[in-house]
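**Q** Next up, query32.txt (compact mmCIF, C-alpha atoms and all ligand atoms).
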# COMPACT_ATOMS: atom_id res chain seq x y z
CA MET A 11 15.08 -17.53 -20.66
CA LEU A 12 12.41 -14.86 -20.30
CA SER A 13 13.14 -11.18 -19.94
CA VAL A 14 12.14 -9.59 -16.65
CA ARG A 15 9.40 -7.66 -18.38
CA ASP A 16 7.93 -10.75 -20.07
CA ALA A 17 8.13 -12.77 -16.87
CA GLN A 18 6.32 -10.04 -14.98
CA SER A 19 3.51 -9.84 -17.52
CA ILE A 20 3.13 -13.65 -17.72
CA ILE A 21 2.92 -13.79 -13.94
CA LEU A 22 0.42 -10.95 -13.63
CA ASP A 23 -1.74 -12.49 -16.35
CA LEU A 24 -1.90 -15.72 -14.35
CA VAL A 25 -3.27 -14.00 -11.27
CA ARG A 26 -7.05 -13.93 -10.81
CA PRO A 27 -7.86 -11.19 -8.32
CA PHE A 28 -9.99 -11.96 -5.29
CA ASP A 29 -13.73 -12.05 -5.80
CA PRO A 30 -15.40 -8.94 -4.32
CA GLN A 31 -18.42 -11.08 -3.37
CA THR A 32 -16.77 -14.00 -1.65
CA ASP A 33 -13.19 -13.10 -0.75
CA ILE A 34 -14.16 -10.44 1.72
CA GLU A 35 -14.56 -9.89 5.42
CA THR A 36 -16.08 -7.09 7.44
CA VAL A 37 -13.93 -5.32 10.00
CA ASP A 38 -14.40 -2.47 12.44
CA LEU A 39 -13.58 1.00 11.24
CA SER A 40 -10.88 1.13 13.91
CA SER A 41 -9.00 -1.78 12.35
CA CYS A 42 -9.52 -1.25 8.62
CA GLY A 43 -6.38 0.85 8.15
CA ASP A 44 -4.01 -0.54 5.53
CA ARG A 45 -6.63 -3.04 4.32
CA LEU A 46 -8.06 -3.07 0.78
CA LEU A 47 -11.60 -1.77 0.45
CA ALA A 48 -13.73 -4.46 -1.23
CA THR A 49 -16.85 -2.45 -2.10
CA PRO A 50 -16.99 1.07 -3.54
CA LEU A 51 -18.01 3.64 -0.95
CA SER A 52 -20.59 6.29 -1.75
CA ALA A 53 -21.95 9.12 0.35
CA ASN A 54 -25.02 8.37 2.42
CA ALA A 55 -25.76 12.08 2.92
CA ASP A 56 -24.74 15.55 1.84
CA PHE A 57 -21.58 16.83 3.47
CA PRO A 58 -21.34 19.13 5.35
CA TYR A 59 -24.60 17.84 6.76
CA TRP A 60 -25.67 21.42 7.65
CA ASP A 61 -24.63 24.98 6.85
CA ASN A 62 -22.06 25.73 9.52
CA SER A 63 -19.43 28.22 10.52
CA ALA A 64 -15.77 27.78 9.58
CA MET A 65 -14.62 30.29 12.21
CA ASP A 66 -15.16 31.50 15.73
CA GLY A 67 -16.92 34.85 15.19
CA TYR A 68 -20.32 36.32 14.41
CA ALA A 69 -23.01 35.10 12.05
CA VAL A 70 -24.37 38.13 10.22
CA ARG A 71 -26.37 39.32 7.23
CA TYR A 72 -23.92 40.32 4.53
CA GLN A 73 -25.91 43.40 3.57
CA ASP A 74 -25.62 44.70 7.18
CA VAL A 75 -21.82 44.60 7.29
CA SER A 76 -20.65 45.10 3.73
CA GLY A 77 -18.40 48.19 3.63
CA ALA A 78 -17.37 48.02 7.31
CA SER A 79 -13.83 49.15 8.12
CA PRO A 80 -11.85 50.15 11.23
CA ASP A 81 -12.75 53.78 10.45
CA ARG A 82 -16.36 52.88 9.85
CA PRO A 83 -17.29 50.12 12.28
CA LEU A 84 -20.81 48.79 11.85
CA PRO A 85 -22.62 47.89 15.09
CA LEU A 86 -24.93 44.88 15.47
CA GLN A 87 -26.96 43.54 18.36
CA ILE A 88 -26.09 40.01 19.53
CA VAL A 89 -29.34 38.10 19.95
CA THR A 90 -28.13 34.55 20.47
CA GLU A 91 -25.07 32.34 20.93
CA ILE A 92 -24.59 29.08 19.01
CA ALA A 93 -22.09 26.47 20.11
CA ALA A 94 -21.09 23.47 17.96
CA GLY A 95 -23.56 20.63 18.37
CA THR A 96 -26.60 22.79 19.17
CA THR A 97 -29.53 23.81 17.00
CA PRO A 98 -30.02 27.57 16.59
CA GLN A 99 -33.39 28.74 17.94
CA THR A 100 -33.33 32.40 16.94
CA ALA A 101 -33.44 33.89 13.47
CA ILE A 102 -31.19 36.83 12.66
CA ALA A 103 -33.09 39.97 11.65
CA PRO A 104 -31.60 43.14 10.10
CA GLY A 105 -29.15 44.80 12.49
CA GLN A 106 -28.63 41.58 14.47
CA ALA A 107 -25.85 38.99 14.81
CA ALA A 108 -25.31 35.63 16.51
CA ARG A 109 -22.17 34.77 18.42
CA ILE A 110 -21.04 31.56 16.69
CA PHE A 111 -18.24 29.01 17.06
CA THR A 112 -16.43 26.82 14.55
CA GLY A 113 -18.56 23.91 13.42
CA ALA A 114 -21.80 25.38 14.82
CA MET A 115 -24.93 25.47 12.64
CA MET A 116 -25.73 28.76 10.94
CA PRO A 117 -28.86 30.44 12.27
CA PRO A 118 -31.73 31.27 9.91
CA GLY A 119 -31.42 34.75 8.44
CA ALA A 120 -27.58 34.90 8.58
CA ASP A 121 -25.56 34.23 5.44
CA THR A 122 -21.98 35.20 6.35
CA VAL A 123 -19.54 34.80 9.23
CA VAL A 124 -17.13 37.52 10.36
CA MET A 125 -14.15 36.14 12.27
CA GLN A 126 -13.86 37.44 15.79
CA GLU A 127 -10.44 39.01 15.10
CA GLN A 128 -12.26 41.54 12.92
CA THR A 129 -14.78 42.57 15.56
CA ARG A 130 -14.93 44.49 18.83
CA ARG A 131 -17.41 43.37 21.45
CA THR A 132 -19.09 45.44 24.17
CA GLY A 133 -21.75 43.62 26.19
CA ASP A 134 -24.52 42.47 23.83
CA ARG A 135 -23.22 44.60 20.97
CA VAL A 136 -20.51 43.85 18.44
CA GLU A 137 -18.81 46.23 16.04
CA ILE A 138 -17.77 44.76 12.72
CA LEU A 139 -14.41 46.25 11.74
CA ALA A 140 -13.89 44.81 8.26
CA SER A 141 -16.09 44.12 5.29
CA PRO A 142 -16.41 40.45 4.32
CA ALA A 143 -14.94 39.85 0.87
CA GLU A 144 -18.24 38.39 -0.26
CA LYS A 145 -21.54 37.00 0.86
CA GLY A 146 -21.10 33.53 2.30
CA ASP A 147 -17.61 34.12 3.70
CA PHE A 148 -16.60 31.49 6.28
CA VAL A 149 -19.82 29.54 5.86
CA ARG A 150 -19.47 25.87 4.92
CA LEU A 151 -22.68 25.23 3.01
CA ALA A 152 -24.50 21.91 3.35
CA GLY A 153 -23.49 19.59 0.53
CA SER A 154 -20.75 21.92 -0.71
CA PHE A 155 -18.04 19.24 -0.32
CA TYR A 156 -20.14 16.43 -1.75
CA ARG A 157 -23.73 15.36 -2.25
CA ALA A 158 -25.48 12.19 -1.11
CA GLY A 159 -24.75 9.44 -3.63
CA THR A 160 -21.35 10.83 -4.64
CA SER A 161 -18.73 8.14 -5.14
CA LEU A 162 -16.17 8.55 -2.36
CA LEU A 163 -13.73 5.64 -2.79
CA PRO A 164 -13.46 2.90 -5.41
CA ALA A 165 -12.98 -0.74 -4.48
CA GLY A 166 -9.42 -1.97 -4.27
CA VAL A 167 -7.80 1.03 -2.63
CA ARG A 168 -5.58 0.58 0.39
CA LEU A 169 -7.15 2.49 3.24
CA GLY A 170 -4.96 5.20 4.70
CA ALA A 171 -5.72 7.70 7.45
CA ALA A 172 -7.58 10.16 5.21
CA ASP A 173 -9.68 7.36 3.70
CA VAL A 174 -10.65 6.12 7.16
CA ALA A 175 -11.79 9.65 8.06
CA LEU A 176 -14.01 9.63 4.98
CA LEU A 177 -15.45 6.22 5.90
CA ALA A 178 -16.20 7.56 9.37
CA ILE A 179 -18.14 10.60 8.24
CA ALA A 180 -19.98 8.43 5.72
CA GLN A 181 -21.21 6.42 8.76
CA CYS A 182 -19.41 3.27 7.63
CA SER A 183 -18.59 1.75 11.01
CA ARG A 184 -18.16 -1.77 9.64
CA VAL A 185 -15.97 -1.87 6.58
CA PRO A 186 -15.99 -4.52 3.83
CA VAL A 187 -12.38 -5.36 3.00
CA TYR A 188 -10.75 -8.12 1.00
CA ARG A 189 -9.52 -10.98 3.12
CA ARG A 190 -5.75 -11.27 3.37
CA PRO A 191 -4.19 -13.79 0.97
CA ARG A 192 -2.72 -16.87 2.65
CA VAL A 193 0.81 -17.56 1.48
CA ALA A 194 2.47 -20.87 2.35
CA ILE A 195 6.26 -20.83 2.60
CA LEU A 196 8.41 -23.95 2.27
CA SER A 197 12.15 -24.21 2.53
CA THR A 198 13.69 -27.07 0.61
CA GLY A 199 17.13 -28.52 1.21
CA ASN A 200 18.76 -31.45 3.04
CA GLU A 201 21.27 -29.04 4.57
CA LEU A 202 18.70 -26.84 6.30
CA VAL A 203 17.91 -26.71 10.01
CA PRO A 204 15.68 -24.29 11.92
CA PRO A 205 17.29 -21.33 13.71
CA GLY A 206 18.49 -22.23 17.18
CA THR A 207 19.65 -25.73 16.20
CA PRO A 208 23.32 -26.65 16.86
CA LEU A 209 24.90 -27.19 13.46
CA GLN A 210 26.39 -30.46 12.22
CA ALA A 211 29.08 -30.12 9.58
CA GLY A 212 27.56 -29.10 6.26
CA GLN A 213 24.32 -27.78 7.68
CA LEU A 214 22.91 -24.30 7.23
CA VAL A 215 20.27 -22.37 9.12
CA ASP A 216 17.07 -21.80 7.17
CA SER A 217 16.75 -18.04 6.85
CA ASN A 218 14.47 -17.89 3.82
CA GLN A 219 11.32 -18.99 5.57
CA TYR A 220 11.57 -16.16 8.09
CA ALA A 221 12.70 -13.54 5.60
CA LEU A 222 9.83 -14.39 3.27
CA ALA A 223 7.30 -14.54 6.09
CA THR A 224 8.30 -11.01 7.00
CA ALA A 225 8.05 -9.85 3.41
CA VAL A 226 4.65 -11.55 3.04
CA THR A 227 3.34 -9.84 6.16
CA ALA A 228 4.69 -6.50 4.96
CA ALA A 229 2.76 -7.05 1.73
CA GLY A 230 -0.48 -7.38 3.72
CA ALA A 231 -0.81 -11.17 3.42
CA ILE A 232 -0.76 -14.00 5.97
CA PRO A 233 2.35 -16.18 5.93
CA LEU A 234 1.91 -19.90 6.69
CA LEU A 235 5.31 -21.16 7.75
CA SER A 236 5.21 -24.62 6.32
CA GLY A 237 8.54 -26.05 7.33
CA ILE A 238 11.72 -27.44 5.90
CA VAL A 239 11.38 -30.18 3.31
CA PRO A 240 14.28 -32.49 2.48
CA ASP A 241 15.40 -32.92 -1.13
CA ARG A 242 13.41 -36.13 -1.60
CA PRO A 243 10.76 -36.34 -4.30
CA ASP A 244 8.21 -38.10 -2.06
CA ALA A 245 8.59 -35.60 0.77
CA LEU A 246 8.47 -32.65 -1.59
CA LYS A 247 5.44 -33.98 -3.38
CA GLN A 248 3.56 -34.40 -0.13
CA ALA A 249 4.52 -30.98 1.18
CA ILE A 250 3.69 -29.16 -2.03
CA ALA A 251 0.33 -30.93 -2.37
CA ARG A 252 -0.53 -30.07 1.23
CA THR A 253 0.39 -26.38 0.95
CA LEU A 254 -1.52 -26.04 -2.34
CA GLU A 255 -4.60 -27.14 -0.39
CA GLN A 256 -4.10 -24.61 2.37
CA ALA A 257 -2.94 -21.47 0.65
CA ASP A 258 -3.85 -19.06 -2.12
CA LEU A 259 -0.23 -18.90 -3.16
CA VAL A 260 2.74 -21.12 -2.35
CA LEU A 261 6.35 -20.05 -2.16
CA SER A 262 9.23 -22.44 -1.88
CA THR A 263 12.90 -21.72 -1.94
CA GLY A 264 15.66 -23.93 -3.27
CA GLY A 265 15.61 -26.95 -5.48
CA VAL A 266 14.86 -25.07 -8.72
CA SER A 267 18.38 -25.05 -10.15
CA VAL A 268 20.04 -27.61 -12.35
CA GLY A 269 21.58 -29.69 -9.54
CA ASP A 270 20.89 -33.39 -9.06
CA TYR A 271 18.77 -32.68 -6.00
CA ASP A 272 16.63 -30.00 -7.60
CA TYR A 273 13.26 -31.72 -7.88
CA VAL A 274 10.74 -28.93 -7.56
CA GLU A 275 9.93 -28.47 -11.23
CA GLN A 276 9.47 -32.17 -11.85
CA ILE A 277 7.11 -32.45 -8.91
CA LEU A 278 5.06 -29.46 -9.92
CA GLU A 279 4.49 -31.18 -13.26
CA GLU A 280 3.64 -34.49 -11.60
CA LEU A 281 1.05 -32.71 -9.49
CA GLY A 282 -0.58 -31.25 -12.60
CA GLY A 283 0.84 -27.75 -12.45
CA GLN A 284 1.21 -25.76 -15.66
CA ILE A 285 4.71 -24.34 -15.66
CA HIS A 286 4.76 -20.86 -17.18
CA VAL A 287 8.16 -19.58 -16.09
CA LYS A 288 11.33 -21.65 -15.74
CA SER A 289 14.07 -19.10 -15.75
CA VAL A 290 14.38 -15.37 -16.07
CA ALA A 291 17.23 -13.24 -17.37
CA VAL A 292 17.73 -11.58 -14.03
CA LYS A 293 20.55 -11.43 -11.53
CA PRO A 294 20.12 -12.50 -8.84
CA GLY A 295 17.28 -14.96 -9.34
CA LYS A 296 17.66 -16.71 -12.69
CA PRO A 297 16.12 -20.08 -11.72
CA LEU A 298 12.61 -18.80 -10.97
CA THR A 299 9.82 -21.33 -11.49
CA VAL A 300 6.17 -20.30 -11.65
CA ALA A 301 3.39 -22.85 -11.96
CA ASP A 302 -0.37 -22.47 -12.11
CA PHE A 303 -2.61 -25.03 -10.45
CA SER A 304 -5.96 -23.38 -10.98
CA ALA A 305 -6.98 -25.93 -13.63
CA GLU A 306 -6.32 -28.71 -11.12
CA THR A 307 -8.54 -27.29 -8.43
CA ASP A 308 -11.87 -25.53 -8.24
CA ARG A 309 -10.26 -22.44 -6.75
CA PRO A 310 -9.30 -19.70 -9.17
CA ASN A 311 -6.10 -18.70 -7.41
CA ARG A 312 -3.50 -21.37 -7.04
CA LEU A 313 -0.07 -20.14 -8.00
CA TYR A 314 3.22 -21.67 -7.06
CA PHE A 315 6.49 -19.74 -7.03
CA GLY A 316 9.63 -21.82 -6.79
CA LEU A 317 12.18 -19.20 -5.77
CA PRO A 318 15.92 -19.73 -5.83
CA GLY A 319 17.48 -20.95 -2.60
CA ASN A 320 20.13 -18.30 -2.21
CA PRO A 321 18.80 -15.93 0.42
CA VAL A 322 19.42 -12.75 -1.54
CA SER A 323 17.94 -14.24 -4.71
CA ALA A 324 14.88 -15.41 -2.80
CA LEU A 325 14.16 -11.92 -1.46
CA VAL A 326 14.96 -10.06 -4.66
CA THR A 327 12.68 -12.33 -6.70
CA PHE A 328 9.99 -11.94 -4.05
CA TRP A 329 10.18 -8.15 -4.29
CA ARG A 330 10.41 -8.12 -8.07
CA PHE A 331 7.89 -10.83 -9.04
CA VAL A 332 5.90 -12.18 -6.11
CA ARG A 333 4.85 -8.96 -4.45
CA PRO A 334 3.18 -7.57 -7.60
CA ALA A 335 1.31 -10.88 -7.98
CA LEU A 336 0.22 -10.70 -4.35
CA LYS A 337 -1.06 -7.16 -4.78
CA LYS A 338 -3.15 -8.15 -7.78
CA LEU A 339 -4.42 -11.31 -6.08
CA ALA A 340 -5.34 -9.36 -2.94
CA GLY A 341 -7.71 -7.09 -4.88
CA GLU A 342 -5.56 -3.99 -5.21
CA ARG A 343 -7.01 -2.12 -8.16
CA GLN A 344 -3.84 -0.88 -9.83
CA GLY A 345 -0.13 -0.21 -9.44
CA TRP A 346 0.84 -3.84 -8.87
CA GLY A 347 4.36 -3.50 -10.20
CA PRO A 348 7.27 -2.22 -8.14
CA THR A 349 7.85 1.50 -7.74
CA PHE A 350 10.85 2.75 -9.69
CA LEU A 351 12.45 6.14 -9.48
CA THR A 352 15.60 7.72 -10.80
CA ALA A 353 18.61 8.32 -8.58
CA ARG A 354 22.19 9.44 -9.00
CA SER A 355 24.52 6.57 -8.17
CA ARG A 356 27.25 7.24 -5.63
CA HIS A 357 29.22 4.23 -6.82
CA GLU A 358 30.13 2.41 -9.97
CA LEU A 359 27.46 -0.18 -10.82
CA LYS A 360 28.22 -3.19 -12.99
CA GLY A 361 25.60 -5.34 -14.67
CA ALA A 362 25.76 -8.97 -15.68
CA GLY A 363 25.55 -8.47 -19.45
CA ARG A 364 22.62 -10.53 -20.72
CA ARG A 365 20.75 -10.48 -17.42
CA GLU A 366 18.96 -7.50 -15.89
CA THR A 367 20.90 -6.90 -12.71
CA TYR A 368 19.56 -5.76 -9.35
CA LEU A 369 22.13 -4.32 -6.96
CA TRP A 370 21.12 -3.65 -3.41
CA GLY A 371 21.75 -0.63 -1.30
CA LYS A 372 20.11 2.43 0.17
CA LEU A 373 18.26 5.35 -1.30
CA HIS A 374 18.98 8.79 0.11
CA PRO A 375 16.84 11.85 -0.50
CA VAL A 376 19.08 14.80 -1.40
CA SER A 377 18.19 18.28 -2.60
CA GLY A 378 16.67 17.93 -6.04
CA GLY A 379 16.24 14.15 -6.03
CA TYR A 380 17.76 10.93 -4.74
CA GLU A 381 21.12 9.25 -4.49
CA PHE A 382 21.73 5.50 -4.50
CA GLU A 383 24.37 4.12 -2.14
CA LEU A 384 25.53 0.64 -3.15
CA SER A 385 25.99 -1.78 -0.26
CA GLN A 386 29.67 -2.40 0.17
CA GLY A 387 31.19 -5.88 0.32
CA SER A 388 30.43 -8.94 -1.75
CA HIS A 389 27.32 -8.89 -3.90
CA SER A 390 27.16 -12.66 -3.80
CA SER A 391 23.60 -13.90 -3.55
CA GLY A 392 24.54 -15.82 -0.43
CA ASN A 393 25.79 -12.73 1.40
CA LEU A 394 23.16 -11.48 3.79
CA ILE A 395 25.20 -9.02 5.80
CA ASN A 396 25.16 -6.34 3.16
CA LEU A 397 21.53 -6.99 2.22
CA ALA A 398 20.43 -5.99 5.72
CA GLN A 399 18.81 -2.53 5.84
CA THR A 400 18.40 -2.47 2.06
CA THR A 401 15.84 0.11 0.97
CA ALA A 402 16.29 0.00 -2.78
CA LEU A 403 17.69 -2.03 -5.67
CA ALA A 404 19.51 -0.31 -8.53
CA VAL A 405 18.63 -1.78 -11.91
CA VAL A 406 21.32 -2.23 -14.53
CA GLU A 407 19.58 -3.02 -17.79
CA VAL A 408 20.67 -5.85 -20.12
CA ASP A 409 23.92 -5.04 -21.93
CA ARG A 410 24.31 -1.66 -20.24
CA GLY A 411 27.96 -0.92 -19.54
CA PRO A 412 29.18 0.04 -16.09
CA ILE A 413 27.31 2.99 -14.62
CA ALA A 414 29.84 5.55 -13.44
CA PRO A 415 29.54 7.32 -10.10
CA GLY A 416 27.32 10.37 -10.62
CA GLU A 417 25.30 8.79 -13.44
CA LEU A 418 21.55 8.37 -13.22
CA VAL A 419 20.18 4.90 -12.58
CA SER A 420 16.72 3.41 -12.23
CA VAL A 421 16.07 2.30 -8.67
CA MET A 422 13.35 -0.03 -7.39
CA LEU A 423 11.96 0.58 -3.91
CA VAL A 424 11.71 -2.47 -1.69
P1 LIG A 501 19.50 -24.36 -4.08
O1 LIG A 501 18.72 -23.42 -4.92
O2 LIG A 501 18.66 -25.36 -3.38
O3 LIG A 501 20.61 -24.98 -4.87
O4 LIG A 501 20.19 -23.49 -2.96
C1 LIG A 501 21.11 -22.48 -3.30
C2 LIG A 501 21.87 -22.03 -2.07
O5 LIG A 501 20.98 -21.42 -1.16
C3 LIG A 501 22.55 -23.13 -1.31
O6 LIG A 501 23.78 -22.65 -0.84
C4 LIG A 501 21.62 -23.40 -0.17
O7 LIG A 501 22.26 -23.94 0.93
C5 LIG A 501 21.07 -22.02 0.12
N1 LIG A 501 19.74 -22.12 0.69
C6 LIG A 501 18.73 -22.86 0.19
N2 LIG A 501 17.64 -22.73 0.94
C7 LIG A 501 17.95 -21.89 1.95
C8 LIG A 501 17.23 -21.37 3.06
N3 LIG A 501 15.96 -21.73 3.26
N4 LIG A 501 17.85 -20.53 3.88
C9 LIG A 501 19.12 -20.18 3.66
N5 LIG A 501 19.86 -20.63 2.62
C10 LIG A 501 19.30 -21.48 1.78
MG MG A 502 18.95 -27.02 -2.38
Could you show the structure in this file as structure tokens?
**A**
Amino acid sequence: MLSVRDAQSIILDLVRPFDPQTDIETVDLSSCGDRLLATPLSANADFPYWDNSAMDGYAVRYQDVSGASPDRPLPLQIVTEIAAGTTPQTAIAPGQAARIFTGAMMPPGADTVVMQEQTRRTGDRVEILASPAEKGDFVRLAGSFYRAGTSLLPAGVRLGAADVALLAIAQCSRVPVYRRPRVAILSTGNELVPPGTPLQAGQLVDSNQYALATAVTAAGAIPLLSGIVPDRPDALKQAIARTLEQADLVLSTGGVSVGDYDYVEQILEELGGQIHVKSVAVKPGKPLTVADFSAETDRPNRLYFGLPGNPVSALVTFWRFVRPALKKLAGERQGWGPTFLTARSRHELKGAGRRETYLWGKLHPVSGGYEFELSQGSHSSGNLINLAQTTALAVVEVDRGPIAPGELVSVMLV
């Protein structure tokens, strides 16, 4: 049985990230948010493009107004007015000023802006009532934020609102992003029926396919709901072979335990998969199977995750092991692993001895940090009611004794 840490590094080592040449698509700036940039972005021009005013006020020559004060106002003649988006036509000579607005180009001759709150206007004259702190005050100089050719964003970053603003001013109206990974999802089990089906005795509604599809979408990938497969080797073999053709990554749930009807591992081997993970010292989720098919196909990415069938185990192993793999595959440059932080537990937390234990609940921000609230009720891996609305999993390390209420615990965000 592998430790969680070893399993994670084996899995991440198996993942070949998307190719920045071929695994890309170009999307409009308006729909690139939350996608992964596939090509580094550099500046096409200096920014600001032109010297411009950072305030509504008056563009002046510093030497004309230095030393002004309310007791010693310095008068200037207004010779022109410059609105944002226009090109100044008049140069500012000694003793003169231009009325100017935020974002408007500085006129030739002026080097400083005085905000209008520090002036008094009468007709075409303005009195400056305060001395600028220094020459250049409230002027945004061309190229002062960055120069043409400056690297703005590296490849592999997820584009947020601020990044999209940067793309816009860099004139990048069509954005190269990595394509979304396609993730096939199979549910295995003779007992399973789709939601909405009247149940015969012994049957169970398939929840995993829908839970995982939601988790896959949340991770920025495209779920391919690939159906329920009975526990029959021929049917499983066909379904697995088909999904390996269609997807970058295949997830199945069920059939990876030690029961008589658990065929997944055997079939992965028959299909030529290299099995790298068979079980992990984790609770929930011990029977996790990971196979690599890239040698069997000409495509570099062909990973198969056989997740446990229990609904809680399936989701916890997705969050802990599959999502980091998906992030790496998708081209994300770093930070593939889950985000952990430290919280004070509100409840007693008990681990499972030799297995790293993940207990589900909610994280609450409190003054000075976070608190973890354990979901109440049975922590059986078949119990979905108390998994609902989970925001975090508390991690009880191998062989750590019970964590008392008030103690600090490592918490993984989901
Ligand atoms: P297995 O790993 O196939 O032995 O399944 C473990 C448990 O999870 C059994 O109780 C199954 O009925 C249940 N289970 C398996 N697959 C699903 C599924 N897709 N949705 C909900 N429960 C499932
Ligand atoms: Mg089963």
**Q** Grab me every residue within 8 Å of ligand MG 502 (chain A), counting only C-alpha atoms and all ligand atoms, and send it over as a PDB file with C-alpha atoms, in the coordinates of the input.
**A**
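And here is the file that came out, part25.pdb:
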ATOM      1  CA  THR A 198      13.690 -27.070   0.610  1.00  0.00           C
ATOM      2  CA  GLY A 199      17.130 -28.520   1.210  1.00  0.00           C
ATOM      3  CA  ASN A 200      18.760 -31.450   3.040  1.00  0.00           C
ATOM      4  CA  GLU A 201      21.270 -29.040   4.570  1.00  0.00           C
ATOM      5  CA  ASP A 241      15.400 -32.920  -1.130  1.00  0.00           C
ATOM      6  CA  GLY A 264      15.660 -23.930  -3.270  1.00  0.00           C
ATOM      7  CA  GLY A 265      15.610 -26.950  -5.480  1.00  0.00           C
ATOM      8  CA  VAL A 266      14.860 -25.070  -8.720  1.00  0.00           C
ATOM      9  CA  TYR A 271      18.770 -32.680  -6.000  1.00  0.00           C
ATOM     10  CA  ASP A 272      16.630 -30.000  -7.600  1.00  0.00           C
ATOM     11  CA  GLY A 319      17.480 -20.950  -2.600  1.00  0.00           C
TER      12      GLY A 319
END
**Q** Can you tell me which residues surround A:Ile34 at a distance of at most 6 Å, considering only C-alpha atoms, apart from same-chain residues fewer than 2 positions away, and format the answer as a list of chain:residue names?
**A**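 The residues satisfying every condition are A:Thr32, A:Val187, A:Tyr188, A:Arg189.
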**Q** From (-16.0, 46.0, 19.7), in the file's coordinates, out to 12 Å: which residues are reached, counting only C-alpha atoms? Answer as a list of chain:residue names.
**A** A:Tyr68, A:Pro80, A:Pro83, A:Leu84, A:Pro85, A:Leu86, A:Gln87, A:Ile88, A:Gln126, A:Glu127, A:Gln128, A:Thr129, A:Arg130, A:Arg131, A:Thr132, A:Gly133, A:Asp134, A:Arg135, A:Val136, A:Glu137, A:Ile138, A:Leu139, A:Ala140
**Q** Which residues are near ligand LIG 501 (chain A) - at most 10 Å, using all atoms listed in the file? Format: as a PyMOL selection string.
**A** chain A and resi 195-205+212-222+237-239+241+262-274+295+297-298+316-324+391-394
**Q** Would you write out those residues with C-alpha atoms, as an mmCIF file, in the coordinates of the input?
**A**
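The resulting part.cif:
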data_model
loop_
_atom_site.group_PDB
_atom_site.id
_atom_site.type_symbol
_atom_site.label_atom_id
_atom_site.label_comp_id
_atom_site.auth_asym_id
_atom_site.auth_seq_id
_atom_site.Cartn_x
_atom_site.Cartn_y
_atom_site.Cartn_z
ATOM 1 C CA ILE A 195 6.260 -20.830 2.600
ATOM 2 C CA LEU A 196 8.410 -23.950 2.270
ATOM 3 C CA SER A 197 12.150 -24.210 2.530
ATOM 4 C CA THR A 198 13.690 -27.070 0.610
ATOM 5 C CA GLY A 199 17.130 -28.520 1.210
ATOM 6 C CA ASN A 200 18.760 -31.450 3.040
ATOM 7 C CA GLU A 201 21.270 -29.040 4.570
ATOM 8 C CA LEU A 202 18.700 -26.840 6.300
ATOM 9 C CA VAL A 203 17.910 -26.710 10.010
ATOM 10 C CA PRO A 204 15.680 -24.290 11.920
ATOM 11 C CA PRO A 205 17.290 -21.330 13.710
ATOM 12 C CA GLY A 212 27.560 -29.100 6.260
ATOM 13 C CA GLN A 213 24.320 -27.780 7.680
ATOM 14 C CA LEU A 214 22.910 -24.300 7.230
ATOM 15 C CA VAL A 215 20.270 -22.370 9.120
ATOM 16 C CA ASP A 216 17.070 -21.800 7.170
ATOM 17 C CA SER A 217 16.750 -18.040 6.850
ATOM 18 C CA ASN A 218 14.470 -17.890 3.820
ATOM 19 C CA GLN A 219 11.320 -18.990 5.570
ATOM 20 C CA TYR A 220 11.570 -16.160 8.090
ATOM 21 C CA ALA A 221 12.700 -13.540 5.600
ATOM 22 C CA LEU A 222 9.830 -14.390 3.270
ATOM 23 C CA GLY A 237 8.540 -26.050 7.330
ATOM 24 C CA ILE A 238 11.720 -27.440 5.900
ATOM 25 C CA VAL A 239 11.380 -30.180 3.310
ATOM 26 C CA ASP A 241 15.400 -32.920 -1.130
ATOM 27 C CA SER A 262 9.230 -22.440 -1.880
ATOM 28 C CA THR A 263 12.900 -21.720 -1.940
ATOM 29 C CA GLY A 264 15.660 -23.930 -3.270
ATOM 30 C CA GLY A 265 15.610 -26.950 -5.480
ATOM 31 C CA VAL A 266 14.860 -25.070 -8.720
ATOM 32 C CA SER A 267 18.380 -25.050 -10.150
ATOM 33 C CA VAL A 268 20.040 -27.610 -12.350
ATOM 34 C CA GLY A 269 21.580 -29.690 -9.540
ATOM 35 C CA ASP A 270 20.890 -33.390 -9.060
ATOM 36 C CA TYR A 271 18.770 -32.680 -6.000
ATOM 37 C CA ASP A 272 16.630 -30.000 -7.600
ATOM 38 C CA TYR A 273 13.260 -31.720 -7.880
ATOM 39 C CA VAL A 274 10.740 -28.930 -7.560
ATOM 40 C CA GLY A 295 17.280 -14.960 -9.340
ATOM 41 C CA PRO A 297 16.120 -20.080 -11.720
ATOM 42 C CA LEU A 298 12.610 -18.800 -10.970
ATOM 43 C CA GLY A 316 9.630 -21.820 -6.790
ATOM 44 C CA LEU A 317 12.180 -19.200 -5.770
ATOM 45 C CA PRO A 318 15.920 -19.730 -5.830
ATOM 46 C CA GLY A 319 17.480 -20.950 -2.600
ATOM 47 C CA ASN A 320 20.130 -18.300 -2.210
ATOM 48 C CA PRO A 321 18.800 -15.930 0.420
ATOM 49 C CA VAL A 322 19.420 -12.750 -1.540
ATOM 50 C CA SER A 323 17.940 -14.240 -4.710
ATOM 51 C CA ALA A 324 14.880 -15.410 -2.800
ATOM 52 C CA SER A 391 23.600 -13.900 -3.550
ATOM 53 C CA GLY A 392 24.540 -15.820 -0.430
ATOM 54 C CA ASN A 393 25.790 -12.730 1.400
ATOM 55 C CA LEU A 394 23.160 -11.480 3.790
#
**Q** Under the rule of at most 7 Å, produce a per-residue listing of stretch 147-202 of chain A near stretch 56-64 of chain A: chain, number, name, the closest pair of atoms, and the distance in Å, as a Markdown table, using only C-alpha atoms.
**A**
| residue | atom | partner | partner_atom | distance |
| --- | --- | --- | --- | --- |
| A:Phe148 | CA | A:Ala64 | CA | 5.0 |
| A:Val149 | CA | A:Ser63 | CA | 4.9 |
| A:Arg150 | CA | A:Asn62 | CA | 5.3 |
| A:Leu151 | CA | A:Asp61 | CA | 4.3 |
| A:Ala152 | CA | A:Trp60 | CA | 4.5 |
| A:Gly153 | CA | A:Asp56 | CA | 4.4 |
| A:Ser154 | CA | A:Phe57 | CA | 6.6 |
| A:Phe155 | CA | A:Phe57 | CA | 5.7 |
| A:Tyr156 | CA | A:Phe57 | CA | 5.4 |
| A:Arg157 | CA | A:Asp56 | CA | 4.2 |
| A:Ala158 | CA | A:Asp56 | CA | 4.5 |
